file run-v4.cif (mmCIF, C-alpha atoms)
data_protein
loop_
_atom_site.label_atom_id
_atom_site.label_comp_id
_atom_site.auth_asym_id
_atom_site.auth_seq_id
_atom_site.Cartn_x
_atom_site.Cartn_y
_atom_site.Cartn_z
CA MET A 14 -105.49 -92.23 -55.46
CA ALA A 15 -103.96 -95.65 -54.73
CA PHE A 16 -102.68 -96.28 -51.21
CA LYS A 17 -98.92 -96.80 -51.44
CA ILE A 18 -96.97 -98.28 -48.52
CA SER A 19 -93.71 -96.99 -50.04
CA GLU A 20 -94.84 -93.46 -49.10
CA PHE A 21 -94.47 -94.38 -45.42
CA LEU A 22 -90.96 -95.87 -45.78
CA LYS A 23 -87.97 -93.50 -45.84
CA PRO A 24 -84.33 -94.48 -46.63
CA LYS A 25 -83.28 -93.23 -43.16
CA ALA A 26 -85.76 -95.69 -41.62
CA ILE A 27 -83.85 -98.69 -42.97
CA ILE A 28 -81.18 -100.72 -41.16
CA MET A 29 -79.44 -103.03 -43.60
CA ASP A 30 -77.82 -105.30 -40.99
CA ILE A 31 -79.28 -105.33 -37.51
CA LYS A 32 -76.90 -106.51 -34.78
CA SER A 33 -79.32 -107.84 -32.16
CA LYS A 34 -80.03 -111.54 -31.99
CA GLU A 35 -82.98 -111.55 -29.60
CA LYS A 36 -86.51 -110.32 -30.39
CA LEU A 37 -86.95 -107.45 -27.92
CA GLU A 38 -83.34 -106.33 -28.44
CA ALA A 39 -83.92 -106.21 -32.20
CA ILE A 40 -87.09 -104.19 -31.74
CA LYS A 41 -85.27 -101.82 -29.35
CA GLU A 42 -82.45 -101.40 -31.87
CA LEU A 43 -85.01 -100.38 -34.50
CA VAL A 44 -86.84 -98.04 -32.11
CA ASP A 45 -83.57 -96.39 -30.99
CA HIS A 46 -82.68 -95.87 -34.64
CA MET A 47 -86.09 -94.27 -35.30
CA VAL A 48 -85.68 -91.97 -32.27
CA ALA A 49 -82.18 -90.95 -33.45
CA LYS A 50 -83.58 -90.12 -36.89
CA LYS A 51 -86.39 -88.15 -35.23
CA PHE A 52 -89.23 -90.27 -36.61
CA VAL A 53 -90.36 -91.21 -33.09
CA LYS A 54 -90.86 -88.72 -30.21
CA ASN A 55 -90.93 -91.02 -27.22
CA GLY A 56 -88.95 -94.21 -27.72
CA GLU A 57 -89.80 -95.60 -24.29
CA GLU A 58 -93.55 -95.28 -24.79
CA PHE A 59 -93.34 -96.78 -28.28
CA LEU A 60 -91.23 -99.68 -27.04
CA LYS A 61 -93.76 -100.35 -24.28
CA ALA A 62 -96.62 -100.50 -26.81
CA LEU A 63 -94.62 -102.86 -29.03
CA ALA A 64 -93.64 -105.11 -26.11
CA LYS A 65 -97.27 -105.32 -24.98
CA ARG A 66 -98.24 -106.59 -28.40
CA GLU A 67 -95.30 -109.02 -28.54
CA ASN A 68 -96.47 -110.57 -25.27
CA LEU A 69 -99.94 -111.13 -26.68
CA GLU A 70 -99.11 -112.52 -30.10
CA SER A 71 -96.33 -113.58 -32.36
CA THR A 72 -95.59 -110.92 -34.97
CA GLY A 73 -93.41 -113.45 -36.76
CA ILE A 74 -95.71 -114.39 -39.62
CA GLY A 75 -93.49 -117.12 -41.05
CA ASN A 76 -91.23 -117.38 -44.11
CA GLY A 77 -88.54 -115.35 -42.33
CA ILE A 78 -90.72 -112.27 -41.81
CA ALA A 79 -91.62 -110.35 -38.67
CA ILE A 80 -93.91 -107.34 -38.53
CA PRO A 81 -93.80 -105.83 -35.03
CA HIS A 82 -96.38 -103.03 -34.88
CA ALA A 83 -98.30 -100.79 -32.52
CA ARG A 84 -100.49 -97.74 -32.36
CA THR A 85 -98.89 -94.95 -30.37
CA ASP A 86 -98.98 -91.19 -30.13
CA SER A 87 -95.19 -91.22 -30.22
CA VAL A 88 -95.45 -90.83 -33.99
CA GLU A 89 -97.28 -88.17 -35.97
CA ASP A 90 -98.08 -90.23 -39.03
CA VAL A 91 -98.02 -93.85 -40.15
CA LEU A 92 -94.42 -95.00 -40.11
CA LEU A 93 -92.78 -97.98 -41.74
CA ALA A 94 -89.23 -99.05 -40.88
CA PHE A 95 -87.19 -101.98 -42.13
CA ALA A 96 -84.32 -103.99 -40.71
CA ARG A 97 -82.56 -107.03 -42.05
CA SER A 98 -80.90 -109.65 -39.83
CA PRO A 99 -78.35 -111.89 -41.61
CA GLN A 100 -78.32 -114.40 -38.74
CA GLY A 101 -82.07 -114.27 -38.06
CA VAL A 102 -83.98 -113.34 -34.91
CA ASP A 103 -86.36 -115.63 -33.06
CA PHE A 104 -89.79 -113.97 -33.17
CA SER A 105 -91.60 -117.16 -32.12
CA SER A 106 -92.94 -117.39 -35.65
CA ILE A 107 -95.83 -119.65 -36.50
CA ASP A 108 -93.53 -121.82 -38.67
CA GLY A 109 -90.83 -122.02 -36.00
CA LYS A 110 -88.20 -120.36 -38.22
CA PRO A 111 -86.15 -117.24 -37.42
CA SER A 112 -87.06 -113.89 -38.97
CA TYR A 113 -84.57 -112.23 -41.29
CA LEU A 114 -86.71 -109.39 -42.62
CA ILE A 115 -88.29 -107.14 -39.99
CA PHE A 116 -90.82 -104.47 -40.86
CA LEU A 117 -91.79 -102.18 -37.99
CA ILE A 118 -95.09 -100.32 -38.35
CA ALA A 119 -96.30 -97.52 -36.12
CA SER A 120 -99.29 -95.28 -36.30
CA PRO A 121 -100.88 -92.59 -34.16
CA ASP A 122 -104.18 -93.62 -32.57
CA ASN A 123 -106.23 -91.44 -34.95
CA LYS A 124 -105.02 -93.19 -38.13
CA LYS A 125 -106.31 -96.68 -37.49
CA SER A 126 -107.60 -97.37 -41.00
CA GLU A 127 -104.31 -96.34 -42.67
CA TYR A 128 -102.48 -98.47 -40.10
CA ILE A 129 -104.62 -101.54 -40.83
CA MET A 130 -104.23 -101.04 -44.58
CA THR A 131 -100.46 -100.72 -44.26
CA LEU A 132 -100.30 -103.92 -42.23
CA ALA A 133 -102.51 -105.70 -44.75
CA LYS A 134 -100.52 -104.53 -47.77
CA ILE A 135 -97.11 -105.33 -46.30
CA SER A 136 -98.31 -108.78 -45.15
CA ARG A 137 -99.60 -109.52 -48.62
CA LEU A 138 -96.49 -108.18 -50.35
CA LEU A 139 -94.14 -110.30 -48.23
CA ARG A 140 -96.02 -113.50 -49.04
CA LYS A 141 -94.27 -113.33 -52.42
CA GLN A 142 -91.07 -115.39 -52.43
CA ASN A 143 -89.39 -113.25 -55.10
CA VAL A 144 -89.90 -110.08 -53.02
CA ARG A 145 -88.40 -111.72 -49.93
CA ASP A 146 -85.43 -112.98 -51.98
CA LYS A 147 -84.80 -109.53 -53.44
CA LEU A 148 -84.94 -107.93 -49.99
CA MET A 149 -82.49 -110.52 -48.59
CA ASN A 150 -80.07 -109.72 -51.41
CA ALA A 151 -80.55 -105.92 -51.48
CA GLY A 152 -77.26 -104.03 -51.26
CA SER A 153 -78.49 -100.66 -50.02
CA SER A 154 -81.44 -98.84 -48.48
CA ASP A 155 -82.17 -97.26 -51.88
CA GLU A 156 -82.43 -100.73 -53.36
CA VAL A 157 -84.86 -101.75 -50.59
CA MET A 158 -87.00 -98.70 -51.44
CA THR A 159 -86.95 -99.62 -55.13
CA ILE A 160 -87.96 -103.22 -54.42
CA ILE A 161 -90.94 -102.09 -52.35
CA LYS A 162 -92.02 -99.49 -54.93
CA GLN A 163 -91.72 -101.88 -57.85
CA ASN A 164 -93.58 -104.73 -56.19
CA GLU A 165 -96.40 -103.04 -54.32
CA GLU A 166 -99.56 -102.83 -56.40
CA MET B 10 -116.37 -126.58 -20.55
CA LYS B 11 -113.30 -124.34 -20.83
CA PHE B 12 -112.59 -122.81 -24.22
CA LYS B 13 -108.83 -122.54 -23.90
CA LYS B 14 -108.27 -122.31 -27.63
CA ALA B 15 -110.83 -120.53 -29.76
CA LEU B 16 -110.79 -120.13 -33.50
CA VAL B 17 -112.56 -117.34 -35.34
CA VAL B 18 -113.20 -118.02 -39.01
CA LEU B 19 -113.41 -114.69 -40.79
CA THR B 20 -115.42 -114.06 -43.91
CA ASP B 21 -116.24 -110.87 -45.77
CA MET B 22 -119.47 -110.77 -43.73
CA THR B 23 -117.55 -110.39 -40.46
CA ASP B 24 -118.09 -106.91 -39.09
CA GLN B 25 -116.78 -104.90 -36.14
CA SER B 26 -119.66 -105.81 -33.81
CA VAL B 27 -119.04 -109.54 -34.34
CA ILE B 28 -115.31 -109.03 -33.76
CA GLU B 29 -116.01 -107.18 -30.50
CA GLU B 30 -118.36 -109.92 -29.28
CA ILE B 31 -115.86 -112.66 -30.03
CA VAL B 32 -113.00 -110.84 -28.32
CA GLN B 33 -115.16 -110.24 -25.23
CA LEU B 34 -116.06 -113.94 -25.13
CA CYS B 35 -112.36 -114.83 -25.35
CA ARG B 36 -111.62 -112.38 -22.59
CA LYS B 37 -114.38 -113.88 -20.43
CA PHE B 38 -113.19 -117.45 -20.94
CA LYS B 39 -109.47 -116.51 -20.97
CA SER B 40 -109.19 -118.14 -24.39
CA LYS B 41 -106.29 -117.90 -26.79
CA LEU B 42 -107.74 -116.66 -30.07
CA TYR B 43 -106.63 -118.11 -33.38
CA VAL B 44 -107.81 -115.97 -36.28
CA LEU B 45 -108.22 -117.57 -39.68
CA PHE B 46 -109.13 -116.17 -43.07
CA VAL B 47 -109.49 -118.69 -45.89
CA LEU B 48 -109.13 -117.43 -49.44
CA GLU B 49 -111.03 -119.82 -51.67
CA PRO B 50 -109.73 -120.16 -55.26
CA LYS B 51 -113.27 -121.05 -56.46
CA LYS B 52 -114.56 -117.80 -55.00
CA VAL B 53 -111.81 -115.85 -56.79
CA THR B 54 -112.70 -117.49 -60.11
CA ARG B 55 -116.43 -116.91 -59.59
CA LEU B 56 -115.98 -113.24 -58.70
CA SER B 57 -113.55 -112.75 -61.53
CA ARG B 58 -116.12 -114.09 -64.01
CA MET B 59 -119.01 -112.13 -62.50
CA THR B 60 -117.15 -108.83 -62.43
CA ARG B 61 -115.11 -109.42 -65.59
CA ARG B 62 -111.88 -108.66 -63.80
CA SER B 63 -108.66 -110.65 -63.88
CA ASN B 64 -108.14 -113.50 -61.43
CA ASP B 65 -105.02 -111.74 -60.16
CA GLY B 66 -106.92 -108.53 -59.52
CA VAL B 67 -109.69 -110.28 -57.60
CA HIS B 68 -107.14 -112.39 -55.69
CA LYS B 69 -105.29 -109.25 -54.68
CA GLU B 70 -108.47 -107.54 -53.49
CA LEU B 71 -109.75 -110.52 -51.49
CA SER B 72 -106.39 -111.28 -49.88
CA GLU B 73 -105.97 -107.66 -48.83
CA GLN B 74 -109.48 -107.62 -47.39
CA GLY B 75 -108.61 -110.82 -45.55
CA TRP B 76 -105.45 -109.33 -44.05
CA GLN B 77 -107.35 -106.20 -43.05
CA LEU B 78 -109.92 -108.31 -41.22
CA LEU B 79 -107.16 -110.30 -39.52
CA TYR B 80 -105.49 -107.15 -38.24
CA LEU B 81 -108.80 -105.60 -37.16
CA VAL B 82 -109.42 -108.61 -34.93
CA GLU B 83 -105.87 -108.46 -33.63
CA ASP B 84 -106.17 -104.76 -32.81
CA GLU B 85 -109.38 -105.36 -30.84
CA ALA B 86 -107.79 -108.35 -29.10
CA VAL B 87 -104.68 -106.40 -28.04
CA GLU B 88 -106.89 -103.62 -26.62
CA ASN B 89 -108.52 -106.30 -24.46
CA SER B 90 -105.32 -108.23 -23.63
CA VAL B 91 -106.42 -111.32 -25.53
CA TRP B 92 -103.66 -113.47 -27.03
CA THR B 93 -103.99 -113.90 -30.82
CA SER B 94 -102.36 -115.74 -33.68
CA LEU B 95 -103.18 -114.61 -37.24
CA HIS B 96 -103.45 -117.03 -40.16
CA MET B 97 -104.13 -116.54 -43.85
CA GLU B 98 -104.70 -119.75 -45.81
CA GLU B 99 -105.76 -120.60 -49.34
CA GLY B 100 -108.00 -123.54 -50.00
CA ILE B 101 -111.50 -124.90 -49.53
CA LEU B 102 -113.13 -123.35 -46.48
CA VAL B 103 -114.54 -126.50 -44.88
CA SER B 104 -111.46 -128.69 -45.22
CA THR B 105 -109.06 -125.88 -44.28
CA VAL B 106 -111.00 -125.09 -41.11
CA LYS B 107 -111.27 -128.79 -40.22
CA LYS B 108 -107.52 -129.31 -40.69
CA PHE B 109 -106.72 -126.14 -38.73
CA ALA B 110 -109.03 -127.04 -35.87
CA GLU B 111 -107.47 -130.50 -35.63
CA SER B 112 -103.85 -129.26 -35.92
CA TYR B 113 -104.24 -126.68 -33.17
CA ALA B 114 -106.63 -128.72 -30.99
CA ILE B 115 -109.21 -125.96 -31.08
CA ASP B 116 -111.90 -126.10 -28.38
CA CYS B 117 -114.50 -123.93 -30.09
CA VAL B 118 -115.04 -122.06 -33.32
CA TYR B 119 -116.67 -118.67 -33.73
CA THR B 120 -117.99 -117.41 -37.00
CA ARG B 121 -120.58 -115.07 -38.43
CA ARG B 122 -123.68 -117.03 -39.39
CA SER B 123 -124.19 -116.87 -43.13
CA ASP B 124 -124.85 -119.06 -46.17
CA GLU B 125 -121.12 -119.31 -46.61
CA THR B 126 -120.41 -120.59 -43.11
CA LYS B 127 -123.33 -122.96 -42.61
CA ARG B 128 -121.24 -125.67 -44.30
CA LEU B 129 -118.86 -125.48 -41.34
CA PHE B 130 -121.53 -126.47 -38.84
CA ILE B 131 -121.72 -129.97 -40.26
CA SER B 132 -118.07 -130.95 -40.58
CA CYS B 133 -116.15 -129.03 -37.93
CA PRO B 134 -114.56 -131.20 -35.20
CA ALA B 135 -115.15 -128.52 -32.55
CA PRO B 136 -118.42 -126.90 -31.45
CA ILE B 137 -119.31 -123.82 -33.48
CA ILE B 138 -120.84 -120.65 -32.14
CA GLY B 139 -122.53 -118.67 -34.88
CA LEU B 140 -122.89 -114.93 -34.21
#
call {"tool": "encode", "arguments": {"input": "run-v4.cif", "output": "structure tokens"}}
result
Amino acid sequence: MAFKISEFLKPKAIIMDIKSKEKLEAIKELVDHMVAKKFVKNGEEFLKALAKRENLESTGIGNGIAIPHARTDSVEDVLLAFARSPQGVDFSSIDGKPSYLIFLIASPDNKKSEYIMTLAKISRLLRKQNVRDKLMNAGSSDEVMTIIKQNEE
Amino acid sequence: MKFKKALVVLTDMTDQSVIEEIVQLCRKFKSKLYVLFVLEPKKVTRLSRMTRRSNDGVHKELSEQGWQLLYLVEDEAVENSVWTSLHMEEGILVSTVKKFAESYAIDCVYTRRSDETKRLFISCPAPIIGL
């Protein structure tokens, strides 16, 4: 059975227009949203794991994309969340440009291989210009879901 | 000699034990670790012909493998508090590594010793440690 990243993304885990302008604020806004929707048990612990990773590397991979991620037992399964920032957030990306499309990935410690595969698939998917353009222009969380489902292979 | 900036060139021969060794070396020398996977178009074409699969299909498989390797290194590095920067490039291995090493002023290069990587030992501007 093919591994599908769309299975880990739920419409409730999507923020169409994130308000925060700074990296850690944007990540916190996403984490708070995930806690409110009951996808994450311990927001503080998850935020700590994400911040640790952000201090050690840039999760801004260029082309307007950021993929903050961490392994944490604050989630029960692999989790994918999405937020879009119309004004862009500085994730210290390798190309120096702000990030407009933010995919947050979390996984419990015991699902490392699914976590790595999800990271790999989302990174590959977002290298495609047409996918990024469609996500920037998406009008709803359902549309975001459709774009991911139609373009993942 | 201080290895402030280290580059690891990943290939499909890179395994977990090599990743662990490299991360420990970076930890020891307090190096920043740049992680590079180069997807070679010639390799895609060759594999596509050998396996009778489409170029797109082989490209997809190799690029996903590359990303998986990149994130495996990153995961190990984060566990050991080693700074990383992940890079996926397409091109010819030797020239891409040379250009990368020059652009980022790399102090040393780590790679798994193999037939594929022995070409790097001749042209790389930084010393190479083969594991």
call {"tool": "atom_distance", "arguments": {"input": "run-v4.cif", "atom1": "CA of Ser94 (chain B)", "atom2": "CA of Ser98 (chain A)"}}
result
23.1 Å
call {"tool": "closest_atom_pairs", "arguments": {"input": "run-v4.cif", "of": "chain A", "to": "chain B", "cutoff": "6 Å", "atoms": "all atoms listed in the file", "output": "JSON lines"}}
result
{"residue": "A:Leu69", "atom": "CA", "partner": "B:Trp92", "partner_atom": "CA", "distance": 4.4}
{"residue": "A:Glu70", "atom": "CA", "partner": "B:Thr93", "partner_atom": "CA", "distance": 5.1}
{"residue": "A:Ile129", "atom": "CA", "partner": "B:Gln77", "partner_atom": "CA", "distance": 5.8}
{"residue": "A:Ala133", "atom": "CA", "partner": "B:Trp76", "partner_atom": "CA", "distance": 4.7}
call {"tool": "residues_around", "arguments": {"input": "run-v4.cif", "residues": "region 123-136 of chain B", "least_positions_apart": "2", "cutoff": "6 Å", "atoms": "only C-alpha atoms", "output": "MDAnalysis selection string"}}
result
chainID B and resid 103 107 116:117
call {"tool": "residues_around", "arguments": {"input": "run-v4.cif", "residues": "region 161-163 of chain A", "least_positions_apart": "2", "cutoff": "10 Å", "atoms": "only C-alpha atoms", "output": "list in words"}}
result
Lys17, Ile18, Ser19, Glu20, Leu22, Ile135, Leu138, Leu139, Val144, Lys147, Leu148, Glu156, Val157, Met158, Thr159, Glu165 and Glu166 of chain A
call {"tool": "residues_around", "arguments": {"input": "run-v4.cif", "residues": "Lys23 (chain A)", "least_positions_apart": "2", "cutoff": "9 Å", "atoms": "only C-alpha atoms", "output": "PyMOL selection string"}}
result
chain A and resi 19-21+25-27+92-94+154+158
call {"tool": "residues_around", "arguments": {"input": "run-v4.cif", "residues": "Ile138 (chain B)", "least_positions_apart": "3", "cutoff": "10 Å", "atoms": "all atoms listed in the file", "output": "ChimeraX atom specification"}}
result
/B:17,31,117-122,130,135
call {"tool": "atom_distance", "arguments": {"input": "run-v4.cif", "atom1": "CA of Arg66 (chain A)", "atom2": "CA of Thr20 (chain B)"}}
result
24.3 Å
call {"tool": "closest_residue", "arguments": {"input": "run-v4.cif", "among": "A:Ala79, A:Ile115, A:Val102, A:Val48", "to": "Ile28 (chain A)", "atoms": "all atoms listed in the file"}}
result
A:Ile115
call {"tool": "resolve_selection", "arguments": {"input": "run-v4.cif", "expression": "the PyMOL selection byres ((chain A and resi 75) around 6)", "output": "JSON list (two decimals) with C-alpha atoms, in the coordinates of the input"}}
result
[["chain", "number", "residue", "atom", "x", "y", "z"],
["A", 73, "GLY", "CA", -93.41, -113.45, -36.76],
["A", 74, "ILE", "CA", -95.71, -114.39, -39.62],
["A", 76, "ASN", "CA", -91.23, -117.38, -44.11],
["A", 77, "GLY", "CA", -88.54, -115.35, -42.33],
["A", 78, "ILE", "CA", -90.72, -112.27, -41.81],
["A", 106, "SER", "CA", -92.94, -117.39, -35.65],
["A", 107, "ILE", "CA", -95.83, -119.65, -36.50],
["A", 108, "ASP", "CA", -93.53, -121.82, -38.67]]
call {"tool": "atom_distance", "arguments": {"input": "run-v4.cif", "atom1": "CA of Glu99 (chain B)", "atom2": "CA of Ile137 (chain B)"}}
result
21.1 Å
call {"tool": "closest_residue", "arguments": {"input": "run-v4.cif", "among": "A:Lys50, A:Lys36, A:Lys125, A:Lys41", "to": "Pro24 (chain A)", "atoms": "only C-alpha atoms"}}
result
A:Lys50
call {"tool": "closest_residue", "arguments": {"input": "run-v4.cif", "among": "A:Arg84, A:Lys51, A:Lys34, A:Lys141", "to": "Lys65 (chain A)", "atoms": "all atoms listed in the file"}}
result
A:Arg84
call {"tool": "residues_around", "arguments": {"input": "run-v4.cif", "residues": "Met149 (chain A)", "least_positions_apart": "4", "cutoff": "8 Å", "atoms": "all atoms listed in the file", "output": "MDAnalysis selection string"}}
result
chainID A and resid 97 113:114 145
call {"tool": "axis_aligned_box", "arguments": {"input": "run-v4.cif", "around": "region 99-105 of chain A", "padding_each_side": "8 Å", "output": "lines of an AutoDock Vina configuration file"}}
result
center_x = -85.0
center_y = -114.5
center_z = -36.9
size_x = 29.3
size_y = 21.3
size_z = 25.5
call {"tool": "resolve_selection", "arguments": {"input": "run-v4.cif", "expression": "the PyMOL selection byres ((chain A and resi 59) around 9)", "output": "PyMOL selection string"}}
result
chain A and resi 44+53-58+60-64+83-88+119
call {"tool": "resolve_selection", "arguments": {"input": "run-v4.cif", "expression": "the PyMOL selection byres ((chain A and resi 117) around 6)", "output": "list in words"}}
result
Ile80, Pro81, His82, Leu93, Ala94, Phe116 and Ile118 of chain A
call {"tool": "write_last_selection", "arguments": {"input": "run-v4.cif", "atoms": "C-alpha atoms", "output": "short mmCIF file (atom, residue, chain, number, x, y, z; two decimals), keeping the file's coordinate frame"}}
result
data_model
loop_
_atom_site.label_atom_id
_atom_site.label_comp_id
_atom_site.auth_asym_id
_atom_site.auth_seq_id
_atom_site.Cartn_x
_atom_site.Cartn_y
_atom_site.Cartn_z
CA ILE A 80 -93.91 -107.34 -38.53
CA PRO A 81 -93.80 -105.83 -35.03
CA HIS A 82 -96.38 -103.03 -34.88
CA LEU A 93 -92.78 -97.98 -41.74
CA ALA A 94 -89.23 -99.05 -40.88
CA PHE A 116 -90.82 -104.47 -40.86
CA ILE A 118 -95.09 -100.32 -38.35
#
call {"tool": "decode", "arguments": {"input": "run-v4.cif", "residues": "region 80-98 of chain A", "atoms": "N, CA and C atoms", "output": "JSON list (two decimals), in the first residue's frame"}}
result
[["chain", "number", "residue", "atom", "x", "y", "z"],
["A", 80, "ILE", "N", 9.56, 23.91, 6.93],
["A", 80, "ILE", "CA", 9.03, 22.64, 7.43],
["A", 80, "ILE", "C", 9.55, 22.41, 8.85],
["A", 81, "PRO", "N", 9.03, 23.17, 9.82],
["A", 81, "PRO", "CA", 9.43, 22.90, 11.21],
["A", 81, "PRO", "C", 8.95, 21.50, 11.60],
["A", 82, "HIS", "N", 9.76, 20.75, 12.34],
["A", 82, "HIS", "CA", 9.39, 19.37, 12.64],
["A", 82, "HIS", "C", 10.12, 18.89, 13.88],
["A", 83, "ALA", "N", 9.54, 17.91, 14.53],
["A", 83, "ALA", "CA", 10.18, 17.33, 15.72],
["A", 83, "ALA", "C", 9.52, 16.01, 16.06],
["A", 84, "ARG", "N", 10.31, 15.18, 16.75],
["A", 84, "ARG", "CA", 9.73, 13.95, 17.31],
["A", 84, "ARG", "C", 9.40, 14.23, 18.76],
["A", 85, "THR", "N", 8.20, 13.85, 19.16],
["A", 85, "THR", "CA", 7.73, 14.15, 20.51],
["A", 85, "THR", "C", 6.62, 13.18, 20.89],
["A", 86, "ASP", "N", 6.59, 12.83, 22.17],
["A", 86, "ASP", "CA", 5.49, 11.97, 22.62],
["A", 86, "ASP", "C", 4.23, 12.77, 22.96],
["A", 87, "SER", "N", 4.21, 14.03, 22.54],
["A", 87, "SER", "CA", 3.00, 14.83, 22.70],
["A", 87, "SER", "C", 1.96, 14.52, 21.63],
["A", 88, "VAL", "N", 2.34, 13.69, 20.67],
["A", 88, "VAL", "CA", 1.37, 13.26, 19.64],
["A", 88, "VAL", "C", 1.33, 11.74, 19.61],
["A", 89, "GLU", "N", 0.20, 11.20, 19.20],
["A", 89, "GLU", "CA", 0.05, 9.74, 19.21],
["A", 89, "GLU", "C", 0.38, 9.11, 17.86],
["A", 90, "ASP", "N", 0.34, 9.92, 16.82],
["A", 90, "ASP", "CA", 0.63, 9.41, 15.48],
["A", 90, "ASP", "C", 1.34, 10.52, 14.71],
["A", 91, "VAL", "N", 1.82, 10.19, 13.53],
["A", 91, "VAL", "CA", 2.44, 11.22, 12.68],
["A", 91, "VAL", "C", 1.39, 12.27, 12.36],
["A", 92, "LEU", "N", 1.79, 13.53, 12.46],
["A", 92, "LEU", "CA", 0.85, 14.62, 12.30],
["A", 92, "LEU", "C", 1.42, 15.65, 11.33],
["A", 93, "LEU", "N", 0.59, 16.07, 10.42],
["A", 93, "LEU", "CA", 1.01, 17.09, 9.46],
["A", 93, "LEU", "C", 0.04, 18.27, 9.59],
["A", 94, "ALA", "N", 0.56, 19.46, 9.74],
["A", 94, "ALA", "CA", -0.28, 20.66, 9.83],
["A", 94, "ALA", "C", 0.25, 21.67, 8.81],
["A", 95, "PHE", "N", -0.64, 22.55, 8.38],
["A", 95, "PHE", "CA", -0.25, 23.53, 7.35],
["A", 95, "PHE", "C", -0.70, 24.92, 7.75],
["A", 96, "ALA", "N", 0.14, 25.90, 7.49],
["A", 96, "ALA", "CA", -0.26, 27.29, 7.68],
["A", 96, "ALA", "C", 0.30, 28.12, 6.53],
["A", 97, "ARG", "N", -0.48, 29.10, 6.14],
["A", 97, "ARG", "CA", -0.02, 29.99, 5.07],
["A", 97, "ARG", "C", 0.14, 31.40, 5.64],
["A", 98, "SER", "N", 1.23, 32.06, 5.26],
["A", 98, "SER", "CA", 1.48, 33.43, 5.73],
["A", 98, "SER", "C", 1.51, 34.36, 4.52]]
